[in-house]
Amino acid sequence: MPQAQTSPPIPGLQPGKKAVVVFFETDCPTCQLALPYLNSLKQDSVQVIGLSQDDERSTREFVSQLKISYPVELDAGLKISRAYDPHNVPTFYLIDENGQVQRTLVGFDKQGLNELAAALGHPPIAPADDGAPAWKPGCSSRHLEPEAQGTEQKNTQENGAKMLRRTGDPATRITLRDEEDHFEYCRQKFGDALPVIPPTIEKVEAMVKASGLAPEMVIARVPPFYGEATVEKIAANAVMAGCVPEMMRVLLPLMRAACDERFNLHGVQATTHFAAPLVMINGPVRQELGFWSKQNVFSNVARANSSLGRAFQLVLLNIGGGRPDGIDMSALGNPGKFSFCIAENEEENPWEPFHVTRGLKREQSAVSLFAAEPPRGVSEHTAPAGKTVLETISFALATVWSYRTCLMPEAIVILCPEHVKTIHRDGFTKEQARQFLFENTGIPVRHYSKEERAEGTQLAANYKEITVRGEKCYQKFRSPEAISIFVSGGTAGKFSAVIGSWSTGPTGSQMVTYPIPDK
Amino acid sequence: MVTIVHPGNESVPKAATPPGRLKSLTGKKIGLLDISKPGGSFFLDRLEEILRTKYGAAEILRTRKPTFSKNAPPQIIEQLRGMDAVVEGLAD
């Protein structure tokens with residue numbers, strides 16, 4: 001435990017008052033996630049001080065972009081970092097009135113932040129349901145980096161620290177001769193079987209500039225090859241896919257979401273199942289960048305949806321290595337692997353939007369990811385009642401993953417505007433509609449045979465028996481939360497869709513929702 | 001002439017030399033890794049029996065990944081260290 005009294009003084013620290021001091025790096029995604037939470041600590045009773053391990057310019061940008069409301073100081077020469085010796089950033093120290101460290105918290109940990117707040121007599125500061133993960137490991141502290149220690153291990157392949165570095169190598173420049181077909185070269189080397197736009201230096205630079213970040217900053221490591229997705233390399237893929245530079249605002253949080261441990265992209269990219277990451281967009285960014293949420297939402301209808309979905313897939317292919325003729329072993333694949341990006345038709349949704357159900361504010365733009373099967377259509381043009389529409393959807397829900405498999409699968413119900421209007425008109429809240437689908441999706445027990453082995457039958461002893469429409473059934477889903485409702489599509493045509501999951505929960509892939517920074 | 005920015009993963013994977021093939025299984029220590037797919041144990045149970053009775057393996061270490069969908073955690077890899085050979089059992 002470091003003794004604060006023998007350390008260099010922390011700038012701005014007033015003696016005789018409790019303080020929370022947090023060491024951070026400006027390019028550490030976990031620090032970017034964690035530091036805004038301290039804004040809600042009331043600063044009359046406790047001092048909050050951020051100590052940046054980076055230079056003034058990037059620190060100022062960090063503070064302004066994340067709207068940090070407490071004082072932030074620079075740890076020049078990393079002197080204070082060396083004295084306190086945090087192994088990772090962010091590290092939070094609770095310092096008592098006598099300057100002694102009372103408590104240390106490493107990385108982003110909602111429970112730990114709330115305990116820290118409680119130790120200061122403060123209500124919780126990290127809500128469980130705000131869309132951020134409960135826990136996320138940080139980066140190694142700057143003073144422990146080989147560069148800071150003056151060793152010569154820097155950038156060698158053998159250096160284990162490379163796996164954790166925040167700054168990658170510049171991308172190689174490839175010069176193509178005039179007599180070469182540039183489009184054909186890029187299609188063959190880096191395409192998704194279709195032609196791509198050559199990622200020229202000028203185009204990539206414009207894309208990087210729009211991100212406001214350094215080109216070599218590592219945003220994520222993309223499984224299964226764990227290639228370094230630097231801003232520059234993501235930008236090159238965005239150019240190839242036909243994105244406008246402003247799309248970097250969405251693509252970067254999307255890459256972070258995809259590489260969130262909970263999403264388990266490693267499994268999603270390598271499975272023999274149909275799974276492809278379905279990108280779901282909510283909030284003002286839909287209008288700002290032109291994401292389409294109406295008729296043909298799953299089709300080739302809007303540049304924003306198609307180019308973002310394609311850029312994302314190209315990153316998975318080129319940086320992650322999930323090539324469909326190699327590591328990606330999907331038996332049948334998924335047309336969504338070209339592009340799989342939809343937006344919610346919030347204007348036709350009488351209930352709260354999807355990202356609000358996921359814990360974010362309505363005015364916050366957000367991107368969510370679900371390891372998805374292709375959509376299966378549900379037509380219901382005859383039923384006059386909302387309850388009957390939901391019943392019809394429950395029959396489609398019964399078929400996800402495999403008809404007789406219960407408990408494991410999850411599903412997204414894409415409700416078309418006409419269907420949601422009917423269901424809402426008949427008095428269903430969003431929660432009630434979901435509860436109805438949960439309670440009424442069952443597989444008749446008579447479809448299970450003890451003698452004949454088949455997928456789903458071997459686990460029947462674990463299933464819950466319920467009665468649906470007078471018949472003894474096994475309940476399809478483990479909880480109402482296994483079903484998500486997303487309103488999308490055109491206002492004409494009573495066609496909704498059900499999208500099944502890949503393997504779910506902590507041993508499979510969990511849906512993730514990340515905020516998209518404001519314009 | 002056009003210059004483009006390399007959009008792919010440029011890291012060079014570290015080459016590893018596979019250990020030489022075992023000339024005989026007699027007296028050897030064999031690890032059997034179940035990846036936790038349904039049915040994996042049927043295959044590995046039978047393999048264990050054959051390795052013991054027909055090939056005279058001295059020791060069989062059975063271990064299991066918590067889930068087939070993710071990499072084996074370090075403690076599982078650690079368990080298998082020191083084996084002369086390891087069989088990873090797929091299933092379905």
# chains A, B, ... in the order shown; residues from 1 in each chain; ligands from 1
>>> closest_atom_pairs(of="chain A", to="chain B", cutoff="7 Å", atoms="only C-alpha atoms", output="Markdown table")
| residue | atom | partner | partner_atom | distance |
| --- | --- | --- | --- | --- |
| A:Ala171 | CA | B:His6 | CA | 5.6 |
| A:Thr172 | CA | B:His6 | CA | 5.3 |
| A:Arg173 | CA | B:Val5 | CA | 4.9 |
| A:Ile174 | CA | B:Ile4 | CA | 5.2 |
| A:Thr175 | CA | B:Thr3 | CA | 4.2 |
| A:Leu176 | CA | B:Val2 | CA | 5.2 |
| A:Arg177 | CA | B:Met1 | CA | 4.8 |
| A:Asp178 | CA | B:Met1 | CA | 4.8 |
| A:Pro198 | CA | B:Ile4 | CA | 6.6 |
| A:Pro199 | CA | B:Ile4 | CA | 5.2 |
| A:Thr200 | CA | B:Ile4 | CA | 4.2 |
| A:Ile201 | CA | B:Ile4 | CA | 5.6 |
| A:Gly227 | CA | B:Asn9 | CA | 5.1 |
| A:Glu228 | CA | B:Asn9 | CA | 6.8 |
| A:Lys233 | CA | B:Pro7 | CA | 4.9 |
| A:Ala236 | CA | B:Pro7 | CA | 5.3 |
| A:Asn237 | CA | B:Pro7 | CA | 5.8 |
| A:His266 | CA | B:Lys70 | CA | 6.9 |
| A:Gly267 | CA | B:Ser69 | CA | 5.0 |
| A:Asn318 | CA | B:Gly8 | CA | 4.5 |
| A:Ile319 | CA | B:Asn9 | CA | 4.5 |
| A:Thr507 | CA | B:Thr67 | CA | 5.7 |
| A:Gly508 | CA | B:Ser69 | CA | 6.0 |
>>> residues_around(residues="A:Leu390", least_positions_apart="5", cutoff="10 Å", atoms="only C-alpha atoms", output="PDB file with C-alpha atoms, in the first residue's frame")
ATOM      1  CA  GLU A 380     -50.335 -12.098 -40.004  1.00  0.00           C
ATOM      2  CA  ALA A 383     -56.027 -11.535 -37.032  1.00  0.00           C
ATOM      3  CA  ALA A 385     -56.642  -8.621 -32.260  1.00  0.00           C
ATOM      4  CA  PHE A 395     -45.371 -19.965 -33.192  1.00  0.00           C
ATOM      5  CA  LEU A 415     -42.299  -5.855 -34.977  1.00  0.00           C
ATOM      6  CA  HIS A 419     -48.446  -5.149 -35.959  1.00  0.00           C
ATOM      7  CA  VAL A 420     -47.164  -2.959 -33.127  1.00  0.00           C
ATOM      8  CA  THR A 422     -52.588  -3.338 -33.284  1.00  0.00           C
ATOM      9  CA  ILE A 423     -50.861  -4.781 -30.226  1.00  0.00           C
ATOM     10  CA  ALA A 433     -46.225  -8.005 -24.934  1.00  0.00           C
ATOM     11  CA  ARG A 434     -42.897  -9.583 -24.057  1.00  0.00           C
ATOM     12  CA  PHE A 436     -47.225 -12.705 -23.318  1.00  0.00           C
ATOM     13  CA  LEU A 437     -44.694 -14.075 -25.824  1.00  0.00           C
ATOM     14  CA  ASN A 440     -47.259 -18.478 -24.757  1.00  0.00           C
ATOM     15  CA  THR A 441     -44.234 -19.888 -26.527  1.00  0.00           C
TER      16      THR A 441
END
>>> atom_distance(atom1="atom CA of A:Ala126", atom2="atom CA of A:Tyr37")
6.5 Å
>>> closest_residue(among="A:Ile443, A:Lys519, A:Gly131, A:Thr429", to="A:Glu288", atoms="only C-alpha atoms")
A:Lys519
>>> select_by_dssp(residues="stretch 142-326 of chain A", states="alpha helix (DSSP H)", output="VMD selection string")
chain A and resid 146 to 149 182 to 190 201 to 211 231 to 241 248 to 258 265 to 270 285 to 289 303 to 318
>>> write_last_selection(atoms="C-alpha atoms", output="short mmCIF file (atom, residue, chain, number, x, y, z; two decimals), in the first residue's frame")
data_model
loop_
_atom_site.label_atom_id
_atom_site.label_comp_id
_atom_site.auth_asym_id
_atom_site.auth_seq_id
_atom_site.Cartn_x
_atom_site.Cartn_y
_atom_site.Cartn_z
CA PRO A 146 8.75 -0.81 -21.79
CA GLU A 147 9.07 2.65 -23.36
CA ALA A 148 8.75 4.29 -19.95
CA GLN A 149 11.34 1.93 -18.48
CA HIS A 182 -6.60 -1.17 -58.50
CA PHE A 183 -10.17 -2.26 -57.89
CA GLU A 184 -9.40 -5.84 -58.81
CA TYR A 185 -6.29 -5.87 -56.61
CA CYS A 186 -8.27 -4.64 -53.59
CA ARG A 187 -11.18 -6.99 -54.26
CA GLN A 188 -8.89 -10.00 -54.39
CA LYS A 189 -6.76 -9.07 -51.39
CA PHE A 190 -9.19 -7.36 -49.06
CA ILE A 201 -4.02 7.60 -48.42
CA GLU A 202 -6.15 10.73 -48.99
CA LYS A 203 -9.44 8.93 -48.42
CA VAL A 204 -8.16 7.13 -45.32
CA GLU A 205 -6.72 10.35 -43.90
CA ALA A 206 -10.08 12.09 -44.29
CA MET A 207 -11.72 9.23 -42.44
CA VAL A 208 -9.09 9.32 -39.63
CA LYS A 209 -9.45 13.10 -39.36
CA ALA A 210 -13.20 12.77 -38.88
CA SER A 211 -12.58 10.42 -35.94
CA VAL A 231 -8.10 3.89 -36.14
CA GLU A 232 -6.23 3.95 -39.45
CA LYS A 233 -6.96 0.33 -40.33
CA ILE A 234 -10.62 0.66 -39.38
CA ALA A 235 -10.70 3.79 -41.53
CA ALA A 236 -9.22 1.91 -44.49
CA ASN A 237 -11.98 -0.70 -44.25
CA ALA A 238 -14.58 2.05 -43.94
CA VAL A 239 -13.29 3.61 -47.16
CA MET A 240 -13.44 0.24 -48.92
CA ALA A 241 -17.05 -0.25 -47.78
CA MET A 248 -16.27 6.69 -37.89
CA ARG A 249 -18.35 8.07 -35.03
CA VAL A 250 -20.43 4.89 -35.14
CA LEU A 251 -17.85 2.42 -36.40
CA LEU A 252 -15.42 2.94 -33.50
CA PRO A 253 -17.93 2.26 -30.67
CA LEU A 254 -19.25 -0.61 -32.80
CA MET A 255 -15.77 -2.16 -32.88
CA ARG A 256 -15.45 -1.73 -29.11
CA ALA A 257 -18.86 -3.34 -28.62
CA ALA A 258 -17.95 -6.25 -30.91
CA LEU A 265 -16.75 -12.47 -31.10
CA HIS A 266 -14.19 -15.27 -31.12
CA GLY A 267 -16.98 -17.84 -31.00
CA VAL A 268 -19.31 -15.87 -33.27
CA GLN A 269 -16.63 -15.65 -35.98
CA ALA A 270 -15.59 -19.29 -35.84
CA VAL A 285 -27.72 9.37 -35.03
CA ARG A 286 -30.36 7.79 -37.27
CA GLN A 287 -31.33 11.16 -38.66
CA GLU A 288 -27.85 12.67 -38.38
CA LEU A 289 -26.19 10.03 -40.55
CA ARG A 303 -25.98 4.02 -47.69
CA ALA A 304 -25.61 4.41 -43.92
CA ASN A 305 -26.96 0.95 -43.04
CA SER A 306 -25.27 -0.84 -45.92
CA SER A 307 -21.87 0.85 -45.66
CA LEU A 308 -21.61 0.63 -41.85
CA GLY A 309 -22.63 -3.04 -41.88
CA ARG A 310 -20.19 -3.73 -44.69
CA ALA A 311 -17.30 -1.82 -43.10
CA PHE A 312 -17.83 -3.76 -39.89
CA GLN A 313 -17.80 -7.08 -41.75
CA LEU A 314 -14.67 -6.07 -43.67
CA VAL A 315 -12.89 -5.34 -40.36
CA LEU A 316 -13.93 -8.76 -39.05
CA LEU A 317 -12.61 -10.31 -42.25
CA ASN A 318 -9.40 -8.35 -42.80
#
>>> select_by_dssp(residues="stretch 439-514 of chain A", states="strand (DSSP E or B)", output="ChimeraX atom specification")
/A:442-444,465-468,471-475,477,483-487,495-501,504,509,512-514
>>> write_last_selection(atoms="C-alpha atoms", output="short mmCIF file (atom, residue, chain, number, x, y, z; two decimals), in the first residue's frame")
data_model
loop_
_atom_site.label_atom_id
_atom_site.label_comp_id
_atom_site.auth_asym_id
_atom_site.auth_seq_id
_atom_site.Cartn_x
_atom_site.Cartn_y
_atom_site.Cartn_z
CA GLY A 442 -44.17 -23.57 -25.75
CA ILE A 443 -43.34 -26.81 -27.50
CA PRO A 444 -46.00 -29.53 -26.99
CA GLU A 465 -43.77 -27.61 -18.09
CA ILE A 466 -46.47 -25.05 -18.79
CA THR A 467 -49.93 -25.12 -20.32
CA VAL A 468 -50.33 -23.22 -23.56
CA GLU A 471 -51.90 -28.21 -24.06
CA LYS A 472 -49.00 -29.44 -21.93
CA CYS A 473 -45.84 -27.81 -23.31
CA TYR A 474 -42.24 -27.12 -22.45
CA GLN A 475 -41.59 -23.41 -22.06
CA PHE A 477 -37.43 -19.45 -23.22
CA ILE A 483 -36.96 -12.06 -25.93
CA SER A 484 -36.23 -8.54 -27.21
CA ILE A 485 -38.64 -6.34 -29.13
CA PHE A 486 -37.40 -3.98 -31.85
CA VAL A 487 -39.82 -1.96 -33.98
CA PHE A 495 -45.04 -8.77 -41.83
CA SER A 496 -42.91 -9.03 -38.70
CA ALA A 497 -39.82 -11.17 -38.20
CA VAL A 498 -38.22 -13.36 -35.60
CA ILE A 499 -34.45 -13.61 -35.34
CA GLY A 500 -32.91 -16.49 -33.44
CA SER A 501 -29.66 -16.36 -31.51
CA THR A 504 -26.28 -17.40 -25.35
CA SER A 509 -22.66 -14.56 -26.71
CA VAL A 512 -24.17 -5.62 -25.93
CA THR A 513 -25.27 -1.98 -26.24
CA TYR A 514 -22.76 0.86 -26.49
#
>>> atom_distance(atom1="atom CA of A:Val389", atom2="atom CA of A:Lys430")
14.0 Å
>>> residues_around(residues="B:Glu78", least_positions_apart="6", cutoff="12 Å", atoms="only C-alpha atoms", output="list in words")
Gly31, Thr63 and Ala72 of chain B
>>> write_last_selection(atoms="N, CA and C atoms", output="PDB file, in the first residue's frame")
ATOM      1  N   GLY B  31      -3.314 -36.717 -22.458  1.00  0.00           N
ATOM      2  CA  GLY B  31      -4.392 -35.837 -21.995  1.00  0.00           C
ATOM      3  C   GLY B  31      -5.566 -35.901 -22.951  1.00  0.00           C
ATOM      4  N   THR B  63      -9.771 -33.828 -18.898  1.00  0.00           N
ATOM      5  CA  THR B  63     -10.144 -32.491 -18.465  1.00  0.00           C
ATOM      6  C   THR B  63     -11.159 -31.914 -19.445  1.00  0.00           C
ATOM      7  N   ALA B  72      -9.756 -22.256 -24.274  1.00  0.00           N
ATOM      8  CA  ALA B  72      -9.540 -22.930 -22.990  1.00  0.00           C
ATOM      9  C   ALA B  72      -8.862 -21.950 -22.031  1.00  0.00           C
TER      10      ALA B  72
END
>>> residues_around(residues="A:Pro374", least_positions_apart="6", cutoff="12 Å", atoms="only C-alpha atoms", output="list of chain:residue names")
A:His273, A:Phe274, A:Ala275, A:Ala276, A:Pro277, A:Leu278, A:Phe298, A:Leu332, A:Gly333, A:Asn334, A:Pro335, A:Gly336, A:Lys337, A:Ser339, A:Phe340, A:Cys341, A:Val400, A:Trp401, A:Ala411, A:Ile412, A:Ile414, A:Ala497, A:Val498, A:Ile499, A:Gly500, A:Ser501, A:Trp502
